[in-house]
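Here the structure comes first, spelled out in structure tokens, and everything after it is commentary.
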Amino acid sequence: MSKKELIPLYSGFTEVSPLQPMNYRQTLKYMYAQLPMFHRIGSAAYKANLDNTIAICNLLSNPQHAFKSIHIAGTNGKGSSSHLIASILQEAGYKVGLYTSPHLKDFRERIRINGEMIDRSFICQFVSKHKKDFERIRPSFFEMTVGLAFDYFRQQNIDIAVIETGLGGRLDSTNVIQPLLSLITNISFDHANLLGNTLQKIAKEKAGIIKPAASVVIGESQPGISSVFIQRARECKSEIYFADKVYSLRGTTRRFIAGQLSLQADVYRKSSLYLKYLRCPLPGIYQLRNIASVLMCIDVFNRIGNAITDEQIRSGIQNVILNTGLQGRWQVLSRKPLIIADTGHNQAGIKEVLKQIRLTPHKKLHVVLGVVNDKDLLPILAQLPKTAVYYFCKPAIPRGLNAALLMQQAHNAGLTGKAYTSVKKAVKSATSAAGKSDLVFIGGSTFVVAQAI
């Protein structure tokens, strides 16, 4: 996003002249300022019902029914999985809509067709055309954006949309679609204040995307949780598949190929070799589970009347960044020193990041860390290595936790480091201090990664 587009602060209602159409900058300002985003201000923007989304869809003559869809939820991995599925479908010749959130640099990242971001002019026309109705309905930022995506996909005559939930599942704004199939990647603690304080309660919310007569893929068999999904699938008379009971990836290696760090593994279906030397440009080891989930989804997709080939699967996974523009997943920003950014931001996500760090050769670890203020910090800080040097910063959003407060809590947990007034300054300090054999990791929040890359 250019500097002119950075208008993210929620500041109440903004007056816009009804006599003059809004340009793209003014349209974004209207969307951001008048309609609060959960990702920016937190639970105050969360709507615990689908009323506004249904009202918007009715206003738009229900565009969500005009295209086929695949619906994806889960605590971690749903973004990567969405992009991987979209890329495979593109390689198979489909015109694919992709809806994800949040964006890293440009609002338009949220809404793509075959990797191309939504046109600025469409956004302006959409908001201008429906502005009076929006002021009557009073939708949240996310509810408005869902309507925008669905309307765009219908008008562009897509073949299929891959739709990622924003938060939860049952009451998420995207949950007005009737998908061909659904994917729930995994369940761990995140947004417990909204989704529930036990894994079972969180699972029940995610299970809300399971629909009658639509198959569902569960990425991971988790004790005490799988039964929640089985029960919901039984109620909906839906076929249910557990990806980790069918697919596994073995013989994993990571290496730079054409300057890009890539993951390579052999894929097994049950106990038989299925795809040898499958390569993925998303090098995080945690992608192995996502790939297994994606393969199970494509398997189910083919069972309901489609014919995606093994070669299209292979090329779709290999070309996921090229096809979809995905960023922020164990993304290498520099090699000497090695600087890596990753959007993992909750307890389970950070755990996977730390596994990856341990597998990455380095002399000294430098961590640029920023978080949002509604996280349960203690379990996260307790995991972090005490031998690393930390550079604490605040994501430039209202939800961002003050860097000095983060530093104090980190010091209490035995971590050493200094606070910085911006992500940019923290990254600059870490980069300057790091030797050529050191590793600089940037993370803790999607917004820290966005500002770093």
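Residues are named by chain letter and number: chains run A, B, ... in the order of the structure tokens, numbers start at 1 in each chain, and ligands are numbered from 1 in the order shown.
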If you run DSSP on this backbone, which residues of stretch 238-332 of chain A come out as alpha helix (DSSP H), and could you give them as number ranges by chain?
A: 287-303, 310-318, 320-324
Could you save the residues just selected, with N, CA and C atoms, as an mmCIF file, in the first residue's frame?
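File result07.cif, as written:
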data_model
loop_
_atom_site.group_PDB
_atom_site.id
_atom_site.type_symbol
_atom_site.label_atom_id
_atom_site.label_comp_id
_atom_site.auth_asym_id
_atom_site.auth_seq_id
_atom_site.Cartn_x
_atom_site.Cartn_y
_atom_site.Cartn_z
ATOM 1 N N GLN A 287 3.859 -25.902 7.396
ATOM 2 C CA GLN A 287 3.105 -26.033 6.148
ATOM 3 C C GLN A 287 2.847 -27.490 5.784
ATOM 4 N N LEU A 288 3.579 -28.418 6.379
ATOM 5 C CA LEU A 288 3.349 -29.832 6.080
ATOM 6 C C LEU A 288 1.921 -30.231 6.416
ATOM 7 N N ARG A 289 1.415 -29.764 7.548
ATOM 8 C CA ARG A 289 0.033 -30.080 7.942
ATOM 9 C C ARG A 289 -0.960 -29.369 7.031
ATOM 10 N N ASN A 290 -0.629 -28.120 6.658
ATOM 11 C CA ASN A 290 -1.516 -27.398 5.750
ATOM 12 C C ASN A 290 -1.600 -28.098 4.398
ATOM 13 N N ILE A 291 -0.468 -28.566 3.888
ATOM 14 C CA ILE A 291 -0.464 -29.251 2.592
ATOM 15 C C ILE A 291 -1.296 -30.522 2.667
ATOM 16 N N ALA A 292 -1.177 -31.276 3.759
ATOM 17 C CA ALA A 292 -1.989 -32.489 3.920
ATOM 18 C C ALA A 292 -3.481 -32.148 3.891
ATOM 19 N N SER A 293 -3.860 -31.067 4.571
ATOM 20 C CA SER A 293 -5.266 -30.634 4.578
ATOM 21 C C SER A 293 -5.735 -30.249 3.183
ATOM 22 N N VAL A 294 -4.878 -29.533 2.471
ATOM 23 C CA VAL A 294 -5.211 -29.081 1.120
ATOM 24 C C VAL A 294 -5.374 -30.279 0.180
ATOM 25 N N LEU A 295 -4.482 -31.242 0.283
ATOM 26 C CA LEU A 295 -4.576 -32.435 -0.562
ATOM 27 C C LEU A 295 -5.869 -33.200 -0.291
ATOM 28 N N MET A 296 -6.270 -33.269 0.982
ATOM 29 C CA MET A 296 -7.523 -33.935 1.312
ATOM 30 C C MET A 296 -8.705 -33.179 0.705
ATOM 31 N N CYS A 297 -8.631 -31.843 0.727
ATOM 32 C CA CYS A 297 -9.703 -31.035 0.118
ATOM 33 C C CYS A 297 -9.809 -31.288 -1.381
ATOM 34 N N ILE A 298 -8.672 -31.334 -2.048
ATOM 35 C CA ILE A 298 -8.688 -31.577 -3.498
ATOM 36 C C ILE A 298 -9.205 -32.982 -3.777
ATOM 37 N N ASP A 299 -8.843 -33.930 -2.929
ATOM 38 C CA ASP A 299 -9.353 -35.300 -3.046
ATOM 39 C C ASP A 299 -10.878 -35.294 -2.980
ATOM 40 N N VAL A 300 -11.434 -34.612 -1.981
ATOM 41 C CA VAL A 300 -12.891 -34.533 -1.831
ATOM 42 C C VAL A 300 -13.514 -33.773 -3.006
ATOM 43 N N PHE A 301 -12.859 -32.691 -3.417
ATOM 44 C CA PHE A 301 -13.335 -31.898 -4.560
ATOM 45 C C PHE A 301 -13.461 -32.774 -5.808
ATOM 46 N N ASN A 302 -12.495 -33.645 -6.016
ATOM 47 C CA ASN A 302 -12.558 -34.546 -7.173
ATOM 48 C C ASN A 302 -13.663 -35.590 -7.009
ATOM 49 N N ARG A 303 -13.914 -36.012 -5.787
ATOM 50 C CA ARG A 303 -14.951 -37.021 -5.552
ATOM 51 C C ARG A 303 -16.348 -36.502 -5.880
ATOM 52 N N ASP A 310 -2.742 -34.756 -10.720
ATOM 53 C CA ASP A 310 -1.597 -34.692 -9.819
ATOM 54 C C ASP A 310 -0.621 -33.607 -10.252
ATOM 55 N N GLU A 311 -0.457 -33.435 -11.539
ATOM 56 C CA GLU A 311 0.465 -32.412 -12.034
ATOM 57 C C GLU A 311 -0.042 -31.005 -11.716
ATOM 58 N N GLN A 312 -1.340 -30.812 -11.803
ATOM 59 C CA GLN A 312 -1.921 -29.515 -11.447
ATOM 60 C C GLN A 312 -1.782 -29.251 -9.955
ATOM 61 N N ILE A 313 -1.905 -30.299 -9.142
ATOM 62 C CA ILE A 313 -1.678 -30.158 -7.698
ATOM 63 C C ILE A 313 -0.234 -29.754 -7.446
ATOM 64 N N ARG A 314 0.691 -30.449 -8.092
ATOM 65 C CA ARG A 314 2.112 -30.171 -7.903
ATOM 66 C C ARG A 314 2.453 -28.734 -8.314
ATOM 67 N N SER A 315 2.001 -28.325 -9.487
ATOM 68 C CA SER A 315 2.323 -26.982 -9.974
ATOM 69 C C SER A 315 1.596 -25.915 -9.166
ATOM 70 N N GLY A 316 0.385 -26.228 -8.681
ATOM 71 C CA GLY A 316 -0.360 -25.266 -7.866
ATOM 72 C C GLY A 316 0.350 -24.965 -6.562
ATOM 73 N N ILE A 317 0.868 -25.998 -5.919
ATOM 74 C CA ILE A 317 1.591 -25.804 -4.665
ATOM 75 C C ILE A 317 2.921 -25.105 -4.923
ATOM 76 N N GLN A 318 3.614 -25.512 -5.964
ATOM 77 C CA GLN A 318 4.916 -24.918 -6.280
ATOM 78 C C GLN A 318 4.797 -23.450 -6.663
ATOM 79 N N VAL A 320 2.390 -21.232 -5.636
ATOM 80 C CA VAL A 320 1.392 -20.551 -4.811
ATOM 81 C C VAL A 320 1.695 -19.066 -4.639
ATOM 82 N N ILE A 321 2.942 -18.701 -4.451
ATOM 83 C CA ILE A 321 3.273 -17.281 -4.284
ATOM 84 C C ILE A 321 3.068 -16.535 -5.598
ATOM 85 N N LEU A 322 3.529 -17.118 -6.678
ATOM 86 C CA LEU A 322 3.371 -16.500 -7.998
ATOM 87 C C LEU A 322 1.902 -16.340 -8.365
ATOM 88 N N ASN A 323 1.093 -17.355 -8.071
ATOM 89 C CA ASN A 323 -0.317 -17.337 -8.473
ATOM 90 C C ASN A 323 -1.194 -16.461 -7.592
ATOM 91 N N THR A 324 -0.855 -16.344 -6.307
ATOM 92 C CA THR A 324 -1.770 -15.683 -5.371
ATOM 93 C C THR A 324 -1.198 -14.464 -4.665
#
Would you kindly return, as a PyMOL selection string, each protein, DNA or RNA residue with an atom no farther than 9 Å from any atom of stretch 383-394 of chain A, considering only C-alpha atoms and excluding same-chain residues fewer than 4 positions away?
chain A and resi 347+350-351+354+364-372+378-379+400-404+406-407+413-427+429-430+448
Please indicate the distance in Å from atom CA of A:Pro179 to atom CA of A:Ala214, rounded to one decimal place.
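Those two atoms sit 6.5 Å apart.
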Counting only C-alpha atoms, the option among A:Tyr152, A:Phe229, A:Tyr247, A:Phe107 closest to A:Tyr32:
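Distance minimum relative to A:Tyr32 lands on A:Phe107.
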Quick check, in Å to one decimal: how far apart do atom CA of A:Gly77 and atom CA of A:Thr185 lie?
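Separation between atom CA of A:Gly77 and atom CA of A:Thr185: 6.3 Å.
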Do you know which residues are at most 12 Å from A:Ile453 counting only C-alpha atoms, after dropping those on the same chain fewer than 5 positions away, and could you put them as an MDAnalysis selection string?
chainID A and resid 1 104:105 327:334 339:343 423:424 427 442:443 446:448
Nearest to A:Asp106 by atom-to-atom distance, counting only C-alpha atoms, from A:Leu171, A:Leu84, A:Ile230, A:Leu28
A:Leu28
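In terms of minimum interatomic distance to A:Ser87, A:Leu326 ranks closest within A:Leu183, A:Leu326, A:Val146, A:Val353, counting only C-alpha atoms.
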